[in-house]
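**Q** Input structure15.cif, format and content: mmCIF, C-alpha atoms and all ligand atoms.
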data_protein
loop_
_atom_site.label_atom_id
_atom_site.label_comp_id
_atom_site.auth_asym_id
_atom_site.auth_seq_id
_atom_site.Cartn_x
_atom_site.Cartn_y
_atom_site.Cartn_z
CA MET A 116 0.00 0.00 0.00
CA THR A 117 1.22 3.50 -0.75
CA GLU A 118 0.62 6.44 1.57
CA SER A 119 -2.47 7.35 -0.41
CA GLY A 120 -3.85 3.86 0.27
CA GLU A 121 -3.75 2.41 -3.25
CA SER A 122 -2.22 -1.01 -3.64
CA ARG A 123 0.81 -1.38 -5.83
CA PRO A 124 2.26 -4.41 -7.53
CA ALA A 125 5.22 -6.36 -6.24
CA LEU A 126 8.35 -5.08 -7.95
CA LEU A 127 10.47 -7.37 -10.08
CA PHE A 128 13.63 -5.53 -9.05
CA GLU A 129 14.59 -2.57 -6.96
CA GLU A 130 13.29 0.81 -8.11
CA PRO A 131 15.91 3.14 -9.55
CA PRO A 132 17.22 5.47 -6.84
CA GLY A 133 16.21 9.14 -6.78
CA VAL A 134 18.57 11.85 -8.01
CA TYR A 135 19.20 14.74 -5.62
CA LEU A 136 21.08 18.03 -5.63
CA GLY A 137 22.32 19.89 -2.58
CA VAL A 138 20.93 23.31 -1.72
CA GLN A 139 23.27 26.03 -0.48
CA GLY A 140 22.43 27.13 3.04
CA SER A 141 20.08 24.20 3.65
CA ASP A 142 20.16 20.58 4.79
CA ALA A 143 17.26 19.77 2.47
CA ALA A 144 17.93 18.20 -0.93
CA PHE A 145 16.38 19.08 -4.29
CA PRO A 146 14.85 15.97 -5.92
CA VAL A 147 15.40 16.03 -9.67
CA HIS A 148 12.42 15.31 -11.94
CA ARG A 149 13.39 15.93 -15.59
CA ILE A 150 16.24 17.64 -17.45
CA TYR A 151 15.40 19.97 -20.33
CA CYS A 152 18.12 21.69 -22.36
CA VAL A 153 18.07 24.67 -24.69
CA GLY A 154 20.17 24.55 -27.85
CA ARG A 155 21.75 27.57 -29.53
CA ASN A 156 20.73 30.22 -26.99
CA TYR A 157 23.83 32.44 -27.28
CA ARG A 158 24.43 34.02 -30.68
CA GLU A 159 28.23 33.65 -30.66
CA HIS A 160 27.94 29.92 -29.93
CA ALA A 161 25.37 29.49 -32.72
CA ARG A 162 27.88 31.18 -35.02
CA GLU A 163 30.76 28.91 -33.97
CA MET A 164 28.53 25.89 -34.65
CA GLY A 165 28.13 27.13 -38.23
CA GLU A 166 24.63 28.60 -37.99
CA SER A 167 24.53 31.75 -40.13
CA THR A 168 20.80 32.36 -40.06
CA ARG A 169 19.19 33.52 -36.82
CA GLU A 170 17.12 30.48 -36.01
CA PRO A 171 15.29 30.47 -32.70
CA PRO A 172 16.61 28.23 -29.89
CA PHE A 173 15.07 24.77 -29.45
CA PHE A 174 14.83 22.02 -26.83
CA PHE A 175 16.31 18.59 -26.21
CA SER A 176 16.57 16.57 -23.02
CA LYS A 177 18.73 14.31 -20.92
CA PRO A 178 17.58 11.56 -18.57
CA ARG A 179 17.45 12.53 -14.91
CA ASP A 180 20.21 10.09 -13.96
CA ALA A 181 22.62 11.83 -16.35
CA VAL A 182 23.04 14.26 -13.42
CA CYS A 183 26.49 13.84 -11.98
CA THR A 184 27.70 15.36 -8.71
CA GLU A 185 30.92 13.36 -8.33
CA ASN A 186 34.33 15.05 -8.52
CA ILE A 187 35.59 12.59 -11.11
CA ILE A 188 33.51 11.96 -14.21
CA PRO A 189 34.07 8.63 -15.92
CA TRP A 190 35.45 9.11 -19.43
CA PRO A 191 32.56 8.37 -21.83
CA ALA A 192 32.78 5.62 -24.41
CA MET A 193 32.10 6.02 -28.13
CA THR A 194 33.56 9.49 -28.71
CA ASP A 195 36.79 11.05 -29.97
CA ASP A 196 35.49 14.58 -29.48
CA LEU A 197 33.94 15.21 -26.04
CA HIS A 198 33.05 18.92 -25.64
CA HIS A 199 32.31 21.08 -22.60
CA GLU A 200 29.37 23.54 -22.60
CA VAL A 201 29.05 25.64 -19.43
CA GLU A 202 25.44 26.57 -18.69
CA LEU A 203 23.27 28.36 -16.17
CA VAL A 204 20.86 25.72 -14.84
CA VAL A 205 17.38 26.67 -13.66
CA ALA A 206 15.89 24.55 -10.85
CA MET A 207 12.10 24.63 -10.82
CA GLY A 208 10.29 24.86 -7.48
CA SER A 209 6.81 24.62 -9.02
CA GLY A 210 5.48 24.09 -12.51
CA GLY A 211 2.45 24.24 -14.71
CA VAL A 212 1.44 24.63 -18.34
CA ASN A 213 1.23 27.74 -20.51
CA LEU A 214 3.07 29.94 -18.03
CA SER A 215 3.54 33.53 -19.16
CA PRO A 216 6.99 35.12 -19.28
CA GLU A 217 5.69 37.60 -16.70
CA THR A 218 4.87 34.90 -14.13
CA ALA A 219 7.46 32.24 -15.11
CA LEU A 220 10.18 33.36 -12.69
CA SER A 221 7.92 32.81 -9.69
CA ALA A 222 8.12 29.07 -10.50
CA VAL A 223 11.93 29.07 -10.15
CA PHE A 224 13.38 27.69 -6.92
CA GLY A 225 16.98 28.54 -7.67
CA TYR A 226 19.99 28.27 -9.96
CA ALA A 227 23.00 26.02 -10.39
CA VAL A 228 26.06 25.78 -12.62
CA GLY A 229 26.05 22.88 -15.07
CA VAL A 230 28.09 21.51 -17.95
CA ASP A 231 26.26 19.97 -20.91
CA LEU A 232 28.83 17.36 -21.90
CA THR A 233 28.48 16.61 -25.61
CA ARG A 234 29.88 13.92 -27.88
CA ARG A 235 30.41 16.46 -30.67
CA ASP A 236 31.40 13.86 -33.25
CA LEU A 237 28.16 11.93 -32.74
CA GLN A 238 26.17 15.18 -32.77
CA ALA A 239 27.71 16.24 -36.10
CA GLU A 240 26.83 12.84 -37.57
CA ALA A 241 23.25 13.07 -36.22
CA LYS A 242 22.80 16.57 -37.66
CA GLU A 243 24.05 15.45 -41.04
CA GLN A 244 21.71 12.48 -41.13
CA GLY A 245 18.72 14.26 -39.57
CA ARG A 246 18.74 11.86 -36.63
CA PRO A 247 18.04 12.50 -32.92
CA TRP A 248 20.79 13.73 -30.59
CA THR A 249 20.27 11.08 -27.92
CA THR A 250 23.67 9.39 -28.17
CA ALA A 251 25.39 12.79 -28.45
CA LYS A 252 23.73 14.46 -25.49
CA ALA A 253 21.89 12.03 -23.20
CA PHE A 254 24.62 9.62 -22.13
CA ASP A 255 25.54 8.60 -18.57
CA HIS A 256 27.25 11.34 -16.50
CA SER A 257 26.59 13.89 -19.26
CA ALA A 258 25.14 16.48 -16.88
CA PRO A 259 27.51 17.51 -14.09
CA VAL A 260 25.65 20.05 -11.90
CA SER A 261 26.63 22.10 -8.84
CA SER A 262 24.51 22.55 -5.73
CA ILE A 263 21.57 24.93 -6.09
CA ASN A 264 21.59 28.52 -4.87
CA PRO A 265 18.04 29.63 -3.98
CA ALA A 266 16.54 32.55 -5.92
CA ALA A 267 15.20 33.78 -2.57
CA LYS A 268 18.83 34.49 -1.69
CA ILE A 269 20.47 35.53 -4.99
CA GLY A 270 17.57 36.74 -7.15
CA HIS A 271 17.64 35.93 -10.87
CA PRO A 272 21.11 36.04 -12.49
CA ASP A 273 20.12 37.81 -15.72
CA ALA A 274 23.39 39.75 -16.12
CA SER A 275 25.99 37.41 -14.64
CA ALA A 276 29.36 36.45 -16.05
CA ILE A 277 29.48 32.77 -17.08
CA ARG A 278 32.79 31.04 -17.74
CA LEU A 279 34.68 27.77 -17.91
CA SER A 280 38.36 26.95 -17.66
CA VAL A 281 40.26 23.74 -18.30
CA ASN A 282 43.48 23.10 -16.34
CA GLY A 283 43.49 26.80 -15.36
CA GLN A 284 43.10 28.07 -18.93
CA GLN A 285 40.03 30.09 -19.82
CA ARG A 286 37.96 28.45 -22.58
CA GLN A 287 34.46 29.93 -22.40
CA GLN A 288 33.37 33.35 -21.27
CA GLY A 289 30.07 35.17 -21.68
CA ALA A 290 27.22 36.80 -19.84
CA THR A 291 23.73 35.51 -19.14
CA SER A 292 22.46 38.80 -20.57
CA ASP A 293 23.61 37.50 -24.00
CA MET A 294 20.95 34.78 -24.07
CA THR A 295 18.61 34.86 -27.07
CA TRP A 296 15.74 33.58 -24.91
CA SER A 297 15.78 34.83 -21.28
CA VAL A 298 15.13 32.38 -18.45
CA ALA A 299 11.53 33.68 -18.21
CA GLU A 300 11.01 33.18 -21.96
CA ILE A 301 12.55 29.67 -21.85
CA ILE A 302 10.22 28.57 -19.05
CA ALA A 303 7.17 30.06 -20.75
CA GLU A 304 8.05 28.42 -24.08
CA LEU A 305 8.85 25.01 -22.48
CA SER A 306 5.54 25.05 -20.61
CA ARG A 307 3.67 25.22 -23.91
CA TYR A 308 5.09 21.77 -24.81
CA PHE A 309 5.44 20.06 -21.42
CA GLU A 310 3.79 20.29 -18.03
CA LEU A 311 6.63 21.59 -15.90
CA LYS A 312 6.99 20.03 -12.46
CA PRO A 313 8.85 20.88 -9.27
CA GLY A 314 12.27 19.26 -9.59
CA ASP A 315 12.70 20.01 -13.28
CA LEU A 316 16.13 21.30 -14.31
CA VAL A 317 16.59 23.51 -17.36
CA PHE A 318 20.02 23.91 -18.99
CA THR A 319 19.81 27.32 -20.66
CA GLY A 320 22.47 27.09 -23.38
CA THR A 321 26.17 27.87 -23.63
CA PRO A 322 28.28 30.87 -24.65
CA SER A 323 31.00 30.51 -27.31
CA GLY A 324 34.33 28.79 -26.75
CA VAL A 325 33.18 25.16 -26.62
CA ALA A 326 36.11 22.78 -27.15
CA ALA A 327 37.32 19.25 -26.59
CA LEU A 328 38.22 17.72 -23.23
CA GLN A 329 40.95 15.13 -22.65
CA PRO A 330 41.15 12.39 -19.99
CA GLY A 331 42.48 13.89 -16.74
CA ASP A 332 41.42 17.48 -17.55
CA ARG A 333 40.40 19.61 -14.57
CA VAL A 334 37.29 21.66 -15.33
CA LYS A 335 36.13 24.72 -13.40
CA ALA A 336 32.79 26.22 -14.42
CA ALA A 337 31.23 29.28 -12.79
CA VAL A 338 28.31 31.67 -12.97
CA ASP A 339 28.76 34.84 -10.91
CA THR A 340 26.33 35.08 -7.95
CA VAL A 341 25.28 31.44 -8.49
CA GLY A 342 28.37 29.38 -7.71
CA GLU A 343 31.07 27.12 -9.04
CA LEU A 344 31.36 23.57 -10.33
CA ASN A 345 34.65 21.68 -10.28
CA PHE A 346 35.32 18.24 -11.67
CA GLU A 347 38.02 16.13 -13.26
CA MET A 348 37.63 13.90 -16.30
CA GLY A 349 38.53 10.29 -15.56
CA ALA A 350 41.11 8.23 -17.36
CA ALA A 351 40.28 6.79 -20.78
CA PRO A 352 39.62 3.05 -20.65
CA ALA A 353 42.51 0.94 -21.91
CA ASP A 354 41.96 -0.35 -25.47
MN MN B 401 24.18 22.89 -24.37
#
What would the structure in this file look like if it were written as structure tokens?
Ligand code: MN
**A**
Amino acid sequence: MTESGESRPALLFEEPPGVYLGVQGSDAAFPVHRIYCVGRNYREHAREMGESTREPPFFFSKPRDAVCTENIIPWPAMTDDLHHEVELVVAMGSGGVNLSPETALSAVFGYAVGVDLTRRDLQAEAKEQGRPWTTAKAFDHSAPVSSINPAAKIGHPDASAIRLSVNGQQRQQGATSDMTWSVAEIIAELSRYFELKPGDLVFTGTPSGVAALQPGDRVKAAVDTVGELNFEMGAAPAD
């Protein structure tokens, strides 16, 4: 019996564990529901990916258990071109459908720093063949995320510096004010397609400077006022 009193079937195997993020200044954890991502939300990054026309941003997703909070990220299989994309991550505290840009921010619990790890070689192949991006974007450990900083404490970082360095060398630098769609517009647009729920994470796109990682690289990602995310890429498996 569940708490609500309905009976439930015996389970064939153990349920998958929940996925949780820490919350700065709190002992409570943030339970993750879904992960939505925005593609091509900073003009300079769209340009470096070869997009000359000004197409609007779009959505893709990662599975919830792609979230990775460990300090060492296992080196992913099946790629020779693993790229970093530093992103401001929105953590939803409530949800709904057809939210307006004017009310969308009231559904935000807080913000985190994330990296949308991308198998760029598989993505290029998928683009060329008109296939989905699942193997390029939604693999295990593809979504390292920091703890969440509550909006009640920091407000909404709409003009914050966002940057990423590898082994101490700056690779990506931008400002959240350079987004094509603002956080409010992203949430409103997403909620036209999906019912947003508390626990949803939204990766809001990356500034220019995306590049390849190597096994053993130390990555530091940061969004001013939000926080920092540090991790190291694991060793490549022996052939
Ligand atoms: Mn991205």
**Q** Between atom CA of A:Leu237 and atom CA of A:Val204, what is the spacing in Å?
**A**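 Atom-to-atom, atom CA of A:Val204 to atom CA of A:Leu237, that is 23.7 Å.
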**Q** My list of candidates is A:Pro172, A:Pro216, A:Gly283, A:Pro191. Which is closest to ligand MN 401 (chain B) when distances are computed with only C-alpha atoms and all ligand atoms?
**A**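 Of all the options, A:Pro172 lies closest to ligand MN 401 (chain B).
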**Q** Show me as a PyMOL selection string the residues that reach within 12 Å of (29.0, 33.8, -12.5), counting only C-alpha atoms and using the file's own coordinates.
**A** chain A and resi 201-204+226-229+264+269+271-279+287-292+335-344
**Q** Selected residues, C-alpha atoms, written as a short mmCIF file (atom, residue, chain, number, x, y, z; two decimals), in the frame of the given file, please.
**A**
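Final output, saved to again_7.cif:
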data_model
loop_
_atom_site.label_atom_id
_atom_site.label_comp_id
_atom_site.auth_asym_id
_atom_site.auth_seq_id
_atom_site.Cartn_x
_atom_site.Cartn_y
_atom_site.Cartn_z
CA VAL A 201 29.05 25.64 -19.43
CA GLU A 202 25.44 26.57 -18.69
CA LEU A 203 23.27 28.36 -16.17
CA VAL A 204 20.86 25.72 -14.84
CA TYR A 226 19.99 28.27 -9.96
CA ALA A 227 23.00 26.02 -10.39
CA VAL A 228 26.06 25.78 -12.62
CA GLY A 229 26.05 22.88 -15.07
CA ASN A 264 21.59 28.52 -4.87
CA ILE A 269 20.47 35.53 -4.99
CA HIS A 271 17.64 35.93 -10.87
CA PRO A 272 21.11 36.04 -12.49
CA ASP A 273 20.12 37.81 -15.72
CA ALA A 274 23.39 39.75 -16.12
CA SER A 275 25.99 37.41 -14.64
CA ALA A 276 29.36 36.45 -16.05
CA ILE A 277 29.48 32.77 -17.08
CA ARG A 278 32.79 31.04 -17.74
CA LEU A 279 34.68 27.77 -17.91
CA GLN A 287 34.46 29.93 -22.40
CA GLN A 288 33.37 33.35 -21.27
CA GLY A 289 30.07 35.17 -21.68
CA ALA A 290 27.22 36.80 -19.84
CA THR A 291 23.73 35.51 -19.14
CA SER A 292 22.46 38.80 -20.57
CA LYS A 335 36.13 24.72 -13.40
CA ALA A 336 32.79 26.22 -14.42
CA ALA A 337 31.23 29.28 -12.79
CA VAL A 338 28.31 31.67 -12.97
CA ASP A 339 28.76 34.84 -10.91
CA THR A 340 26.33 35.08 -7.95
CA VAL A 341 25.28 31.44 -8.49
CA GLY A 342 28.37 29.38 -7.71
CA GLU A 343 31.07 27.12 -9.04
CA LEU A 344 31.36 23.57 -10.33
#
**Q** Ligand MN 401 (chain B): which residues are within 7 Å, counting all atoms listed in the file? Reply as number ranges by chain.
**A** A: 152-154, 200, 202, 231, 318, 320-321
**Q** Point out the residue among A:His198, A:Lys312, A:Arg179, A:Lys242 with the least atom-to-atom distance to A:Phe224, counting all atoms listed in the file.
**A**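 Ranking A:His198, A:Lys312, A:Arg179, A:Lys242 by distance to A:Phe224, first place goes to A:Lys312.
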**Q** For A:Val298, which residue among A:Gly211, A:Gly245, A:Gly324, A:Gly225 is the nearest when counting only C-alpha atoms?
**A**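 When distances to A:Val298 are compared using only C-alpha atoms, the smallest one comes from A:Gly225.
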**Q** Kindly give the distance, in Å, that separates atom CA of A:Ser306 and atom CA of A:Gly210, rounded to a single decimal.
**A**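 It comes out at 8.2 Å.
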**Q** Residues near A:Asp255, anyone? I mean within 12 Å using all atoms listed in the file, not counting same-chain ones fewer than 3 positions away, as a compact mmCIF listing (two decimals) with C-alpha atoms, in the frame of the given file.
**A**
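The result, written out as around-v4.txt:
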# COMPACT_ATOMS: atom_id res chain seq x y z
CA LYS A 177 18.73 14.31 -20.92
CA PRO A 178 17.58 11.56 -18.57
CA ARG A 179 17.45 12.53 -14.91
CA ASP A 180 20.21 10.09 -13.96
CA ALA A 181 22.62 11.83 -16.35
CA VAL A 182 23.04 14.26 -13.42
CA CYS A 183 26.49 13.84 -11.98
CA ILE A 188 33.51 11.96 -14.21
CA PRO A 189 34.07 8.63 -15.92
CA TRP A 190 35.45 9.11 -19.43
CA PRO A 191 32.56 8.37 -21.83
CA ALA A 192 32.78 5.62 -24.41
CA MET A 193 32.10 6.02 -28.13
CA ASP A 231 26.26 19.97 -20.91
CA LEU A 232 28.83 17.36 -21.90
CA THR A 233 28.48 16.61 -25.61
CA ARG A 234 29.88 13.92 -27.88
CA THR A 249 20.27 11.08 -27.92
CA THR A 250 23.67 9.39 -28.17
CA ALA A 251 25.39 12.79 -28.45
CA LYS A 252 23.73 14.46 -25.49
CA ALA A 258 25.14 16.48 -16.88
CA PRO A 259 27.51 17.51 -14.09
**Q** Just checking: using all atoms listed in the file, which residue out of A:Pro265, A:Glu170, A:Leu220, A:Ser209 ends up closest to A:Asn156?
**A** A:Glu170
**Q** Any idea what's packed within 8 Å of A:Ala326, counting all atoms listed in the file, ignoring anything in its chain fewer than 5 positions away? Could you give it as a list in words?
**A**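 Contacts, with the query itself left out: Leu197, His198, His199 and Arg286 of chain A.
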**Q** Could you tell me how far atom CA of A:Trp248 lies from atom CA of A:Trp296, in Å and to one decimal?
**A**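 Straight-line distance from atom CA of A:Trp248 to atom CA of A:Trp296 works out to 21.3 Å.
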**Q** Point out the residue among A:Glu347, A:Asp332, A:Glu121, A:Asp315 with the least atom-to-atom distance to A:Arg149, counting all atoms listed in the file.
**A**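 The closest residue to A:Arg149 is A:Asp315.
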**Q** Can you tell me which residues surround A:Pro330 at a distance of at most 8 Å, considering all atoms listed in the file, apart from same-chain residues fewer than 2 positions away, and format the answer as a ChimeraX atom specification?
**A** /A:190,328,332,348-351
**Q** Measuring between only C-alpha atoms, which one of A:Thr194, A:Gln285, A:Ser261, A:Asn345 shows the shortest distance to A:Gln238?
**A**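 Of all the options, A:Thr194 lies closest to A:Gln238.
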**Q** Which residues are close to A:Tyr308, i.e. within 8 Å by only C-alpha atoms, leaving aside same-chain residues fewer than 3 positions away? Reply as a list in words.
**A** Val212, Glu304 and Leu305 of chain A
**Q** Would you write out, as a Markdown table, a table of all residues in stretch 152-234 of chain A that have an atom no more than 10 Å from an atom of stretch 141-145 of chain A, listing for each the closest atom pair and the distance in Å to one decimal, considering all atoms listed in the file and ordering rows by chain and rising residue number?
**A**
| residue | atom | partner | partner_atom | distance |
| --- | --- | --- | --- | --- |
| A:Ala206 | CA | A:Phe145 | CA | 8.6 |
| A:Met207 | CA | A:Phe145 | CA | 9.6 |
| A:Gly208 | CA | A:Phe145 | CA | 9.0 |
| A:Phe224 | CA | A:Phe145 | CA | 9.5 |
**Q** Any chance you can output those residues with C-alpha atoms as a compact mmCIF listing (two decimals), in the frame of the given file?
**A**
# COMPACT_ATOMS: atom_id res chain seq x y z
CA ALA A 206 15.89 24.55 -10.85
CA MET A 207 12.10 24.63 -10.82
CA GLY A 208 10.29 24.86 -7.48
CA PHE A 224 13.38 27.69 -6.92
**Q** Would you pick out the contacts of A:Arg155 at 10 Å or less, using only C-alpha atoms, so that residues sharing its chain but fewer than 5 positions from it are not included, and give the list as a PyMOL selection string?
**A** chain A and resi 160-162+164+166+169-174+294-296+319-323
